[in-house]
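So this one's entry39.pdb, PDB, C-alpha atoms and all ligand atoms:
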```pdb
MODEL        1
ATOM      1  CA  MET L 919      42.731 122.114 159.911
ATOM      2  CA  GLN L 920      43.328 121.153 156.321
ATOM      3  CA  ASN L 921      44.409 124.098 154.239
ATOM      4  CA  LEU L 922      47.216 125.889 156.062
ATOM      5  CA  LYS L 923      48.288 128.177 153.209
ATOM      6  CA  GLY L 924      48.107 131.865 154.193
ATOM      7  CA  LYS L 925      47.209 131.012 157.801
ATOM      8  CA  VAL L 926      49.166 132.211 160.856
ATOM      9  CA  ALA L 927      51.430 129.846 162.808
ATOM     10  CA  VAL L 928      52.624 130.894 166.265
ATOM     11  CA  ILE L 929      55.629 129.029 167.649
ATOM     12  CA  THR L 930      57.177 129.370 171.102
ATOM     13  CA  GLY L 931      60.790 128.246 171.332
ATOM     14  CA  GLY L 932      61.133 129.034 167.622
ATOM     15  CA  GLY L 933      64.865 129.716 167.873
ATOM     16  CA  SER L 934      66.193 126.154 168.007
ATOM     17  CA  GLY L 935      65.569 122.449 167.530
ATOM     18  CA  LEU L 936      61.967 121.406 166.989
ATOM     19  CA  GLY L 937      60.634 125.000 167.007
ATOM     20  CA  ARG L 938      62.907 125.894 164.082
ATOM     21  CA  GLU L 939      61.861 122.804 162.125
ATOM     22  CA  LEU L 940      58.179 123.531 162.803
ATOM     23  CA  ALA L 941      58.756 127.042 161.405
ATOM     24  CA  LEU L 942      60.340 125.576 158.260
ATOM     25  CA  ARG L 943      57.541 123.020 157.763
ATOM     26  CA  CYS L 944      54.897 125.756 158.263
ATOM     27  CA  ALA L 945      56.766 128.013 155.810
ATOM     28  CA  ALA L 946      56.823 125.180 153.279
ATOM     29  CA  ARG L 947      53.002 125.237 153.487
ATOM     30  CA  GLY L 948      52.895 129.001 152.871
ATOM     31  CA  MET L 949      51.985 130.007 156.429
ATOM     32  CA  LYS L 950      52.799 133.329 158.099
ATOM     33  CA  LEU L 951      55.053 132.944 161.148
ATOM     34  CA  VAL L 952      55.038 134.487 164.599
ATOM     35  CA  LEU L 953      58.038 133.303 166.604
ATOM     36  CA  GLY L 954      58.775 133.815 170.296
ATOM     37  CA  ASP L 955      61.887 132.766 172.202
ATOM     38  CA  VAL L 956      64.320 134.038 174.832
ATOM     39  CA  ASP L 957      67.039 133.377 172.232
ATOM     40  CA  GLU L 958      66.818 136.252 169.728
ATOM     41  CA  ALA L 959      69.878 135.180 167.714
ATOM     42  CA  GLY L 960      68.345 131.712 167.398
ATOM     43  CA  MET L 961      65.100 133.184 166.047
ATOM     44  CA  GLN L 962      67.059 135.261 163.536
ATOM     45  CA  GLU L 963      68.793 132.103 162.317
ATOM     46  CA  THR L 964      65.379 130.420 161.970
ATOM     47  CA  LEU L 965      64.163 133.344 159.852
ATOM     48  CA  ASN L 966      67.320 133.191 157.720
ATOM     49  CA  GLN L 967      66.567 129.539 156.982
ATOM     50  CA  VAL L 968      62.899 130.344 156.288
ATOM     51  CA  LYS L 969      63.864 133.126 153.869
ATOM     52  CA  ALA L 970      66.285 130.786 152.087
ATOM     53  CA  LEU L 971      63.371 128.377 151.623
ATOM     54  CA  ASP L 972      60.831 131.001 150.549
ATOM     55  CA  ALA L 973      61.659 134.721 150.622
ATOM     56  CA  SER L 974      57.957 135.662 150.427
ATOM     57  CA  ILE L 975      57.054 134.247 153.879
ATOM     58  CA  GLU L 976      55.809 136.983 156.215
ATOM     59  CA  SER L 977      56.987 136.848 159.809
ATOM     60  CA  ALA L 978      57.171 138.576 163.176
ATOM     61  CA  THR L 979      59.342 137.770 166.173
ATOM     62  CA  MET L 980      59.325 138.744 169.826
ATOM     63  CA  ARG L 981      61.751 138.151 172.672
ATOM     64  CA  LEU L 982      59.464 136.047 174.850
ATOM     65  CA  ASP L 983      59.767 134.313 178.188
ATOM     66  CA  VAL L 984      56.812 131.903 178.163
ATOM     67  CA  SER L 985      56.821 131.598 181.944
ATOM     68  CA  LYS L 986      55.490 135.183 182.197
ATOM     69  CA  LEU L 987      51.774 135.601 181.495
ATOM     70  CA  ASP L 988      52.063 139.291 180.604
ATOM     71  CA  GLN L 989      54.686 138.488 177.945
ATOM     72  CA  VAL L 990      52.573 135.682 176.452
ATOM     73  CA  GLU L 991      49.591 138.051 176.333
ATOM     74  CA  ALA L 992      51.764 140.617 174.504
ATOM     75  CA  PHE L 993      52.817 137.827 172.121
ATOM     76  CA  ALA L 994      49.145 137.046 171.358
ATOM     77  CA  ALA L 995      48.512 140.771 170.847
ATOM     78  CA  LEU L 996      51.421 140.831 168.354
ATOM     79  CA  ALA L 997      49.845 138.004 166.306
ATOM     80  CA  LYS L 998      46.508 139.844 166.364
ATOM     81  CA  SER L 999      47.871 143.276 165.423
ATOM     82  CA  ARG L1000      50.320 142.032 162.786
ATOM     83  CA  PHE L1001      48.300 139.283 161.095
ATOM     84  CA  GLY L1002      44.758 139.600 162.492
ATOM     85  CA  GLY L1003      44.904 136.468 164.655
ATOM     86  CA  ALA L1004      46.492 133.059 165.101
ATOM     87  CA  HIS L1005      45.356 129.805 163.508
ATOM     88  CA  LEU L1006      47.977 127.355 164.681
ATOM     89  CA  LEU L1007      49.715 127.591 168.069
ATOM     90  CA  PHE L1008      52.704 125.446 168.983
ATOM     91  CA  ASN L1009      53.327 125.523 172.738
ATOM     92  CA  ASN L1010      56.815 124.195 172.090
ATOM     93  CA  ALA L1011      59.362 125.998 174.323
ATOM     94  CA  GLY L1012      60.825 123.593 176.857
ATOM     95  CA  VAL L1013      63.810 123.048 179.147
ATOM     96  CA  SER L1014      65.174 120.186 181.186
ATOM     97  CA  VAL L1015      67.162 119.624 184.366
ATOM     98  CA  GLY L1016      68.583 116.454 185.950
ATOM     99  CA  GLY L1017      68.075 114.990 189.408
ATOM    100  CA  PRO L1018      67.859 113.068 191.747
ATOM    101  CA  VAL L1019      64.624 114.694 192.840
ATOM    102  CA  TRP L1020      65.546 115.195 196.517
ATOM    103  CA  MET L1021      68.583 117.199 195.381
ATOM    104  CA  ASN L1022      66.695 119.462 192.952
ATOM    105  CA  THR L1023      66.670 123.055 194.161
ATOM    106  CA  GLN L1024      63.715 125.402 194.400
ATOM    107  CA  ALA L1025      65.273 127.254 191.436
ATOM    108  CA  ASP L1026      65.311 124.015 189.378
ATOM    109  CA  TRP L1027      61.587 123.552 190.013
ATOM    110  CA  GLU L1028      60.650 127.183 189.428
ATOM    111  CA  TRP L1029      62.607 127.393 186.167
ATOM    112  CA  VAL L1030      61.427 124.136 184.573
ATOM    113  CA  VAL L1031      57.828 124.352 185.846
ATOM    114  CA  GLY L1032      57.778 127.994 184.720
ATOM    115  CA  VAL L1033      58.757 127.179 181.131
ATOM    116  CA  ASN L1034      57.257 123.712 180.602
ATOM    117  CA  MET L1035      54.020 123.952 182.601
ATOM    118  CA  TYR L1036      53.132 127.627 183.054
ATOM    119  CA  GLY L1037      54.465 128.290 179.537
ATOM    120  CA  VAL L1038      51.823 125.955 178.113
ATOM    121  CA  ALA L1039      49.113 127.201 180.496
ATOM    122  CA  TRP L1040      49.748 130.826 179.514
ATOM    123  CA  GLY L1041      49.772 129.920 175.813
ATOM    124  CA  LEU L1042      46.337 128.320 176.237
ATOM    125  CA  LYS L1043      45.055 131.264 178.248
ATOM    126  CA  ALA L1044      46.252 133.903 175.783
ATOM    127  CA  PHE L1045      45.401 132.184 172.472
ATOM    128  CA  THR L1046      42.403 129.868 172.984
ATOM    129  CA  PRO L1047      39.772 132.658 173.336
ATOM    130  CA  MET L1048      41.086 134.234 170.097
ATOM    131  CA  MET L1049      40.695 130.919 168.256
ATOM    132  CA  ILE L1050      37.225 130.255 169.689
ATOM    133  CA  GLU L1051      36.142 133.731 168.565
ATOM    134  CA  GLN L1052      37.670 133.228 165.095
ATOM    135  CA  GLY L1053      35.715 129.954 164.806
ATOM    136  CA  GLU L1054      38.887 128.240 163.631
ATOM    137  CA  GLY L1055      42.195 127.139 165.117
ATOM    138  CA  HIS L1056      44.445 124.312 166.236
ATOM    139  CA  ILE L1057      46.696 124.044 169.295
ATOM    140  CA  VAL L1058      49.717 121.739 169.466
ATOM    141  CA  ASN L1059      51.142 121.161 172.927
ATOM    142  CA  VAL L1060      54.633 119.684 172.886
ATOM    143  CA  ALA L1061      54.712 117.128 175.697
ATOM    144  CA  SER L1062      57.085 114.143 175.552
ATOM    145  CA  ALA L1063      57.258 110.397 176.035
ATOM    146  CA  ALA L1064      58.217 111.642 179.510
ATOM    147  CA  GLY L1065      54.571 112.665 179.849
ATOM    148  CA  TRP L1066      53.662 108.965 179.991
ATOM    149  CA  VAL L1067      56.609 106.876 181.187
ATOM    150  CA  ASN L1068      59.280 107.790 183.702
ATOM    151  CA  GLY L1069      63.021 107.195 183.799
ATOM    152  CA  PRO L1070      65.471 108.076 186.571
ATOM    153  CA  SER L1071      66.976 111.530 187.176
ATOM    154  CA  MET L1072      64.226 113.427 185.347
ATOM    155  CA  ALA L1073      61.565 113.996 188.015
ATOM    156  CA  VAL L1074      61.136 117.716 187.423
ATOM    157  CA  TYR L1075      60.944 117.335 183.644
ATOM    158  CA  ASN L1076      58.711 114.240 183.886
ATOM    159  CA  ALA L1077      56.297 116.018 186.240
ATOM    160  CA  THR L1078      55.937 118.960 183.855
ATOM    161  CA  LYS L1079      55.423 116.766 180.797
ATOM    162  CA  HIS L1080      52.747 114.677 182.546
ATOM    163  CA  SER L1081      51.056 118.014 183.242
ATOM    164  CA  VAL L1082      51.190 118.923 179.530
ATOM    165  CA  VAL L1083      49.422 115.651 178.601
ATOM    166  CA  ALA L1084      46.823 116.338 181.332
ATOM    167  CA  MET L1085      46.250 119.927 180.164
ATOM    168  CA  SER L1086      45.929 118.819 176.530
ATOM    169  CA  GLU L1087      43.355 116.106 177.208
ATOM    170  CA  THR L1088      41.321 118.412 179.448
ATOM    171  CA  LEU L1089      41.569 121.273 176.938
ATOM    172  CA  ALA L1090      40.155 119.048 174.180
ATOM    173  CA  LEU L1091      37.241 118.040 176.448
ATOM    174  CA  ASP L1092      36.586 121.649 177.484
ATOM    175  CA  LEU L1093      36.565 122.775 173.834
ATOM    176  CA  ARG L1094      34.148 119.951 172.990
ATOM    177  CA  ASP L1095      31.908 121.085 175.865
ATOM    178  CA  VAL L1096      31.465 124.511 174.287
ATOM    179  CA  GLY L1097      31.297 123.226 170.688
ATOM    180  CA  ALA L1098      34.423 125.189 169.670
ATOM    181  CA  LYS L1099      35.956 124.522 166.272
ATOM    182  CA  VAL L1100      39.479 124.401 167.696
ATOM    183  CA  GLY L1101      41.552 121.248 167.315
ATOM    184  CA  VAL L1102      44.135 119.961 169.784
ATOM    185  CA  THR L1103      47.205 117.785 169.293
ATOM    186  CA  VAL L1104      49.560 116.553 171.995
ATOM    187  CA  LEU L1105      52.994 115.618 170.700
ATOM    188  CA  CYS L1106      54.826 112.918 172.664
ATOM    189  CA  PRO L1107      58.251 112.167 171.175
ATOM    190  CA  ALA L1108      61.090 110.184 172.728
ATOM    191  CA  PHE L1109      64.659 111.514 172.371
ATOM    192  CA  PHE L1110      65.637 113.220 169.103
ATOM    193  CA  PRO L1111      68.627 115.479 168.331
ATOM    194  CA  THR L1112      68.166 119.157 169.389
ATOM    195  CA  GLY L1113      69.679 121.476 171.996
ATOM    196  CA  ILE L1114      67.440 120.180 174.838
ATOM    197  CA  HIS L1115      70.313 118.500 176.733
ATOM    198  CA  ASP L1116      71.992 121.930 176.875
ATOM    199  CA  SER L1117      68.903 123.776 178.175
ATOM    200  CA  ALA L1118      70.968 125.549 180.827
ATOM    201  CA  ARG L1119      72.311 127.838 178.063
ATOM    202  CA  ASN L1120      69.107 129.869 178.436
ATOM    203  CA  ARG L1121      68.640 129.512 182.186
ATOM    204  CA  PRO L1122      68.003 132.887 183.873
ATOM    205  CA  ALA L1123      70.792 134.091 186.179
ATOM    206  CA  ASP L1124      68.367 134.593 189.075
ATOM    207  CA  MET L1125      67.496 130.869 188.901
ATOM    208  CA  ALA L1126      71.093 129.673 188.508
ATOM    209  CA  ASP L1127      72.071 126.025 188.800
ATOM    210  CA  THR L1128      73.607 125.368 192.229
ATOM    211  CA  LEU L1129      73.054 121.615 192.269
ATOM    212  CA  GLU L1130      76.166 119.629 193.096
ATOM    213  CA  ARG L1131      75.989 116.522 190.953
ATOM    214  CA  SER L1132      76.831 113.078 192.264
ATOM    215  CA  ALA L1133      78.689 110.553 190.090
ATOM    216  CA  ILE L1134      75.426 108.716 189.342
ATOM    217  CA  ALA L1135      73.729 112.003 188.370
ATOM    218  CA  GLU L1136      76.617 112.809 185.996
ATOM    219  CA  GLU L1137      76.275 109.335 184.501
ATOM    220  CA  ARG L1138      72.520 109.784 183.990
ATOM    221  CA  ALA L1139      73.044 113.220 182.395
ATOM    222  CA  ALA L1140      75.640 111.773 179.989
ATOM    223  CA  ALA L1141      73.266 108.916 179.082
ATOM    224  CA  ILE L1142      70.411 111.353 178.354
ATOM    225  CA  LYS L1143      72.710 113.585 176.243
ATOM    226  CA  ALA L1144      73.851 110.530 174.247
ATOM    227  CA  ALA L1145      70.235 109.375 173.773
ATOM    228  CA  VAL L1146      69.237 112.833 172.455
ATOM    229  CA  GLU L1147      72.213 113.034 170.086
ATOM    230  CA  LYS L1148      71.763 109.499 168.775
ATOM    231  CA  GLY L1149      68.027 109.815 168.172
ATOM    232  CA  ARG L1150      67.345 108.297 164.751
ATOM    233  CA  ILE L1151      64.196 110.311 164.032
ATOM    234  CA  LYS L1152      65.292 113.894 163.322
ATOM    235  CA  ALA L1153      63.600 117.120 164.418
ATOM    236  CA  THR L1154      62.525 117.773 160.818
ATOM    237  CA  ASP L1155      60.715 114.385 160.742
ATOM    238  CA  VAL L1156      58.993 115.096 164.071
ATOM    239  CA  ALA L1157      57.923 118.508 162.724
ATOM    240  CA  GLU L1158      56.497 117.023 159.516
ATOM    241  CA  MET L1159      54.589 114.319 161.444
ATOM    242  CA  THR L1160      53.165 117.063 163.662
ATOM    243  CA  LEU L1161      51.969 119.148 160.701
ATOM    244  CA  LYS L1162      50.322 116.051 159.170
ATOM    245  CA  ALA L1163      48.586 115.423 162.510
ATOM    246  CA  VAL L1164      47.224 118.974 162.443
ATOM    247  CA  GLU L1165      45.964 118.490 158.877
ATOM    248  CA  ASP L1166      44.307 115.196 159.902
ATOM    249  CA  ASP L1167      42.990 116.632 163.204
ATOM    250  CA  GLN L1168      44.803 113.873 165.082
ATOM    251  CA  PHE L1169      44.991 114.240 168.887
ATOM    252  CA  TYR L1170      47.875 112.038 170.097
ATOM    253  CA  VAL L1171      51.175 111.896 168.183
ATOM    254  CA  PHE L1172      53.843 109.333 169.102
ATOM    255  CA  PRO L1173      56.647 109.717 166.516
ATOM    256  CA  HIS L1174      58.551 106.869 168.208
ATOM    257  CA  ARG L1175      56.238 103.844 168.015
ATOM    258  CA  LYS L1176      58.014 101.968 170.838
ATOM    259  CA  ILE L1177      56.632 104.462 173.376
ATOM    260  CA  LYS L1178      53.151 102.983 172.976
ATOM    261  CA  GLU L1179      54.583  99.587 173.970
ATOM    262  CA  LEU L1180      56.196 101.169 177.043
ATOM    263  CA  ILE L1181      52.873 102.744 178.017
ATOM    264  CA  LYS L1182      51.256  99.286 177.886
ATOM    265  CA  LEU L1183      54.076  97.855 180.020
ATOM    266  CA  ARG L1184      53.620 100.669 182.534
ATOM    267  CA  ALA L1185      49.876  99.936 182.660
ATOM    268  CA  ALA L1186      50.715  96.258 183.257
ATOM    269  CA  ALA L1187      53.058  97.243 186.121
ATOM    270  CA  ALA L1188      50.295  99.388 187.603
ATOM    271  CA  ASP L1189      47.875  96.482 187.212
ATOM    272  CA  ALA L1190      50.309  94.148 189.015
ATOM    273  CA  GLU L1191      50.766  96.771 191.790
ATOM    274  CA  THR L1192      54.186  95.420 192.850
ATOM    275  CA  THR L1193      57.279  97.071 191.307
ATOM    276  CA  VAL L1194      57.943 100.526 189.924
ATOM    277  CA  PHE L1195      58.103 100.752 186.128
ATOM    278  CA  ASP L1196      61.424 102.036 184.709
ATOM    279  CA  SER L1197      61.092 103.312 181.132
ATOM    280  CA  MET L1198      64.888 103.177 180.635
ATOM    281  CA  ASN L1199      65.008  99.550 181.684
ATOM    282  CA  PRO L1200      61.525  98.117 181.019
TER     283      PRO L1200
HETATM  284  N1  LIG D1301      64.721 116.784 171.880
HETATM  285  C1  LIG D1301      64.120 115.817 172.539
HETATM  286  O1  LIG D1301      64.680 114.711 172.736
HETATM  287  C2  LIG D1301      62.721 116.019 173.033
HETATM  288  C3  LIG D1301      61.939 114.902 173.365
HETATM  289  C4  LIG D1301      60.637 115.102 173.813
HETATM  290  C5  LIG D1301      60.118 116.377 173.907
HETATM  291  N2  LIG D1301      60.901 117.454 173.584
HETATM  292  C6  LIG D1301      60.314 118.785 173.723
HETATM  293  O2  LIG D1301      60.469 119.504 172.507
HETATM  294  C7  LIG D1301      60.325 120.906 172.791
HETATM  295  C8  LIG D1301      61.367 121.680 172.004
HETATM  296  O3  LIG D1301      62.657 121.430 172.558
HETATM  297  P1  LIG D1301      63.918 121.044 171.662
HETATM  298  O4  LIG D1301      64.146 119.599 171.856
HETATM  299  O5  LIG D1301      63.759 121.592 170.307
HETATM  300  O6  LIG D1301      65.081 121.805 172.473
HETATM  301  P2  LIG D1301      65.930 123.112 172.105
HETATM  302  O7  LIG D1301      66.704 123.411 173.340
HETATM  303  O8  LIG D1301      66.669 122.886 170.847
HETATM  304  O9  LIG D1301      64.822 124.227 171.865
HETATM  305  C9  LIG D1301      64.072 124.791 172.927
HETATM  306  C10 LIG D1301      63.831 126.270 172.652
HETATM  307  O10 LIG D1301      63.060 126.814 173.756
HETATM  308  C11 LIG D1301      63.598 128.103 174.045
HETATM  309  N3  LIG D1301      63.285 128.534 175.409
HETATM  310  C12 LIG D1301      63.880 128.145 176.560
HETATM  311  N4  LIG D1301      63.353 128.804 177.604
HETATM  312  C13 LIG D1301      62.398 129.627 177.089
HETATM  313  C14 LIG D1301      61.496 130.551 177.671
HETATM  314  N5  LIG D1301      61.480 130.798 179.002
HETATM  315  N6  LIG D1301      60.635 131.210 176.868
HETATM  316  C15 LIG D1301      60.676 131.008 175.522
HETATM  317  N7  LIG D1301      61.513 130.149 174.919
HETATM  318  C16 LIG D1301      62.359 129.466 175.696
HETATM  319  C17 LIG D1301      65.098 127.919 173.834
HETATM  320  O11 LIG D1301      65.765 129.168 173.722
HETATM  321  C18 LIG D1301      65.129 127.082 172.572
HETATM  322  O12 LIG D1301      65.139 127.891 171.432
HETATM  323  C19 LIG D1301      60.439 121.035 174.317
HETATM  324  O13 LIG D1301      59.159 121.242 174.872
HETATM  325  C20 LIG D1301      60.989 119.686 174.733
HETATM  326  O14 LIG D1301      60.649 119.358 176.058
HETATM  327  C21 LIG D1301      62.178 117.300 173.143
ENDMDL
END
```
Hey, can you dump this file as structure tokens for me?
Amino acid sequence: MQNLKGKVAVITGGGSGLGRELALRCAARGMKLVLGDVDEAGMQETLNQVKALDASIESATMRLDVSKLDQVEAFAALAKSRFGGAHLLFNNAGVSVGGPVWMNTQADWEWVVGVNMYGVAWGLKAFTPMMIEQGEGHIVNVASAAGWVNGPSMAVYNATKHSVVAMSETLALDLRDVGAKVGVTVLCPAFFPTGIHDSARNRPADMADTLERSAIAEERAAAIKAAVEKGRIKATDVAEMTLKAVEDDQFYVFPHRKIKELIKLRAAAADAETTVFDSMNP
């Protein structure tokens, strides 16, 4: 989708990190914004930053839990009633929890799968028919390098991000099958600085964290936090690369080029059939 000016961008998880930067990059292109997040104060801060950039940008926000289909449908209805539709959807909201996998609780799985997997599925279900009918649209699913290569202590997150890559590829094929003029991009970044390592700040009380962490799990969590904080590519760069990919109708986006090397190494490990591939220690 080339000319984004005046079009409607819908962003889940628009109250922090990448979602906020996507909002700012869309605003810089003159798009209208529809933001959804469980963090209402975060969304307000995003809008403050948008207004500081360009006070004329039109926007709407909704307190949204993406794991609930009825709420995502209401979010799509908001875009339709307020701005007549949605041209660009970012299925961006995401959360993370540590492992090891045999210790993860049912609540860990339900929370992270709810946001990262069902959140994307419900976004596709609520918005794709609108875009097909409009005859124009583009969907960006925010996966991760963790959708391709696996490190320790992240089984729940890794499983959900592999599912986002799978849904994105299948979505693109399904849209091609029906000749729809709706583009798809799957974003697969490695670590970059945001609030993701502190996802528990928005964890619902009825899915509280009861996992007792071992010393090794604490060590892994500290290593992941450090990797996120030290990421050299910033959220604003990832957002700009994503917008360029939309404008170029590019499907896969790997902001960190080294991930493509890791994917090849994983394929080589699979070809050799002997030892598990460790993305943290390739
Ligand atoms: N930061 C990284 O290193 C990294 C790497 C790869 C992929 N990602 C992905 O980027 C996306 C954005 O995350 P981020 O890094 O900006 O983290 P972040 O924590 O800064 O932002 C995530 C946003 O999602 C919102 N959110 C959480 N649960 C929600 C729910 N149930 N419904 C709606 N919104 C909800 C949060 O309130 C927050 O505003 C996620 O999908 C994440 O998995 C991040």
Adding 8 Å on each side of the box along x, y and z that holds all listed atoms of ligand LIG 1301 (chain D), could you give its centre and edge lengths in Å to one decimal, as AutoDock Vina command-line options?
```
--center_x 62.9 --center_y 123.0 --center_z 174.7 --size_x 23.5 --size_y 32.5 --size_z 24.7
```
Worksheet, complete the sentence: Taken to one decimal, the atom CA of L:Asn1120-atom CA of L:Phe1045 distance is 24.6 Å
Using 7 Å as the limit and counting all atoms listed in the file, can you tabulate each residue of chain L that touches ligand LIG 1301 (chain D), with its shortest atom-to-atom distance in Å and the two atoms involved, as a tab-separated table?
```
residue	atom	partner	partner_atom	distance
L:Thr930	CA	D:LIG1301	N7	5.8
L:Gly931	CA	D:LIG1301	O10	3.6
L:Gly932	CA	D:LIG1301	O12	5.6
L:Gly933	CA	D:LIG1301	O12	4.0
L:Ser934	CA	D:LIG1301	O12	4.0
L:Gly935	CA	D:LIG1301	O5	3.4
L:Leu936	CA	D:LIG1301	O5	3.8
L:Gly937	CA	D:LIG1301	O5	5.7
L:Gly954	CA	D:LIG1301	C15	6.2
L:Asp955	CA	D:LIG1301	N7	3.8
L:Val956	CA	D:LIG1301	C15	4.8
L:Asp957	CA	D:LIG1301	O11	4.6
L:Gly960	CA	D:LIG1301	O12	6.4
L:Leu982	CA	D:LIG1301	C15	5.2
L:Asp983	CA	D:LIG1301	N6	3.5
L:Val984	CA	D:LIG1301	N6	4.1
L:Ser985	CA	D:LIG1301	N5	5.6
L:Asn1010	CA	D:LIG1301	O13	4.7
L:Ala1011	CA	D:LIG1301	O10	3.8
L:Gly1012	CA	D:LIG1301	O13	3.5
L:Val1013	CA	D:LIG1301	C12	5.7
L:Ser1014	CA	D:LIG1301	O14	6.9
L:Val1033	CA	D:LIG1301	N5	5.0
L:Asn1034	CA	D:LIG1301	O13	6.5
L:Val1060	CA	D:LIG1301	O13	5.2
L:Ala1061	CA	D:LIG1301	C5	5.7
L:Ser1062	CA	D:LIG1301	C4	4.1
L:Ala1063	CA	D:LIG1301	C4	6.2
L:Cys1106	CA	D:LIG1301	C4	6.3
L:Pro1107	CA	D:LIG1301	C4	4.6
L:Ala1108	CA	D:LIG1301	C3	4.8
L:Phe1109	CA	D:LIG1301	O1	3.2
L:Phe1110	CA	D:LIG1301	O1	4.0
L:Pro1111	CA	D:LIG1301	N1	5.4
L:Thr1112	CA	D:LIG1301	O8	4.3
L:Gly1113	CA	D:LIG1301	O8	3.5
L:Ile1114	CA	D:LIG1301	O7	3.6
L:His1115	CA	D:LIG1301	O7	7.0
L:Asp1116	CA	D:LIG1301	O7	6.5
L:Ser1117	CA	D:LIG1301	O7	5.3
L:Asn1120	CA	D:LIG1301	C12	5.8
L:Val1146	CA	D:LIG1301	O1	4.9
```
Fill in: Shortest interatomic distance to L:Ala946 - which of L:Leu1183, L:Ala1157, L:Val1100, L:Gly1053, counting only C-alpha atoms
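With only C-alpha atoms as the atom set, the closest residue is L:Ala1157.
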Quick check on the file I pasted: which residues fall under the PyMOL selection byres (((chain L and resi 1142) around 10) and not hetatm)? Write them as a compact mmCIF listing (two decimals) with C-alpha atoms, in the frame of the given file.
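The result, stored in expr.txt:
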```
# COMPACT_ATOMS: atom_id res chain seq x y z
CA GLY L 1016 68.58 116.45 185.95
CA SER L 1071 66.98 111.53 187.18
CA MET L 1072 64.23 113.43 185.35
CA PHE L 1109 64.66 111.51 172.37
CA ILE L 1114 67.44 120.18 174.84
CA HIS L 1115 70.31 118.50 176.73
CA GLU L 1136 76.62 112.81 186.00
CA GLU L 1137 76.28 109.34 184.50
CA ARG L 1138 72.52 109.78 183.99
CA ALA L 1139 73.04 113.22 182.40
CA ALA L 1140 75.64 111.77 179.99
CA ALA L 1141 73.27 108.92 179.08
CA LYS L 1143 72.71 113.58 176.24
CA ALA L 1144 73.85 110.53 174.25
CA ALA L 1145 70.24 109.38 173.77
CA VAL L 1146 69.24 112.83 172.46
CA GLU L 1147 72.21 113.03 170.09
CA LYS L 1148 71.76 109.50 168.78
```
Worksheet entry | Residues matched by the PyMOL selection byres (((chain L and resi 1162) around 12) and not hetatm), written as a PyMOL selection string | chain L and resi 919-922+940+943-944+947+1058+1103+1105+1155-1161+1163-1171+1173
Item to complete: Find the residue from L:Arg1175, L:Lys1079, L:Lys1152, L:His1005 that sits nearest to L:Gly1055; use all atoms listed in the file when measuring.
Response: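 Smallest distance to L:Gly1055 is found for L:His1005.
Take the candidates L:Leu965, L:Val1104, L:Met980, L:Ala927 and check each one against L:Ala1004 using all atoms listed in the file; the shortest distance goes to L:Ala927.
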Exercise: L:Leu1129 partners within 8 Å, all atoms listed in the file, chain neighbours under 4 positions left out, as a PDB file with C-alpha atoms, in the frame of the given file:
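Final output, saved to selection-v1.pdb:
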```pdb
ATOM      1  CA  MET L1021      68.583 117.199 195.381  1.00  0.00           C
ATOM      2  CA  ASN L1022      66.695 119.462 192.952  1.00  0.00           C
ATOM      3  CA  THR L1023      66.670 123.055 194.161  1.00  0.00           C
TER       4      THR L1023
END
```
Worksheet item: For L:Lys969, which residue among L:Ala945, L:Leu953, L:Gly1069, L:Asp1026 is the nearest when counting all atoms listed in the file?
Response: L:Ala945
Worksheet entry | atom CA of L:Val1083 to atom CA of L:Gly1065, straight-line distance in Å |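 So the two atoms, atom CA of L:Gly1065 and atom CA of L:Val1083, lie 6.1 Å apart.
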Discussion item. Can you translate the PyMOL selection byres (((chain L and resi 1044) around 7) and not hetatm) into the concrete residues it hits in this file, as a ChimeraX atom specification?
Written reply: /L:990-991,994,1040-1043,1045-1046
Worksheet entry | Residue with smallest distance to L:Leu1089 - pool L:Lys923, L:His1056, L:Lys986, L:Lys1182, counting all atoms listed in the file |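 Of L:Lys923, L:His1056, L:Lys986, L:Lys1182, the one nearest L:Leu1089 is L:His1056, counting all atoms listed in the file.
Residue nearest L:Trp1029, chosen from L:Trp1066, L:Phe1008, L:Tyr1075, L:Phe1001 and counting only C-alpha atoms: L:Tyr1075.
The space separating atom CA of L:Val1019 from atom CA of L:Thr1088 comes to 27.1 Å.
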Complete the atoms of stretch 1183-1189 of chain L to N, CA and C atoms and put them out as a short mmCIF file (atom, residue, chain, number, x, y, z; two decimals), keeping the file's coordinate frame.
```
data_model
loop_
_atom_site.label_atom_id
_atom_site.label_comp_id
_atom_site.auth_asym_id
_atom_site.auth_seq_id
_atom_site.Cartn_x
_atom_site.Cartn_y
_atom_site.Cartn_z
N LEU L 1183 53.32 98.53 178.96
CA LEU L 1183 54.08 97.86 180.02
C LEU L 1183 53.90 98.58 181.36
N ARG L 1184 53.85 99.91 181.29
CA ARG L 1184 53.62 100.67 182.53
C ARG L 1184 52.24 100.34 183.10
N ALA L 1185 51.24 100.27 182.20
CA ALA L 1185 49.88 99.94 182.66
C ALA L 1185 49.87 98.54 183.29
N ALA L 1186 50.65 97.62 182.70
CA ALA L 1186 50.72 96.26 183.26
C ALA L 1186 51.37 96.28 184.64
N ALA L 1187 52.41 97.12 184.81
CA ALA L 1187 53.06 97.24 186.12
C ALA L 1187 52.08 97.82 187.14
N ALA L 1188 51.29 98.81 186.70
CA ALA L 1188 50.30 99.39 187.60
C ALA L 1188 49.25 98.34 187.97
N ASP L 1189 48.87 97.53 186.97
CA ASP L 1189 47.88 96.48 187.21
C ASP L 1189 48.41 95.46 188.22
#
```
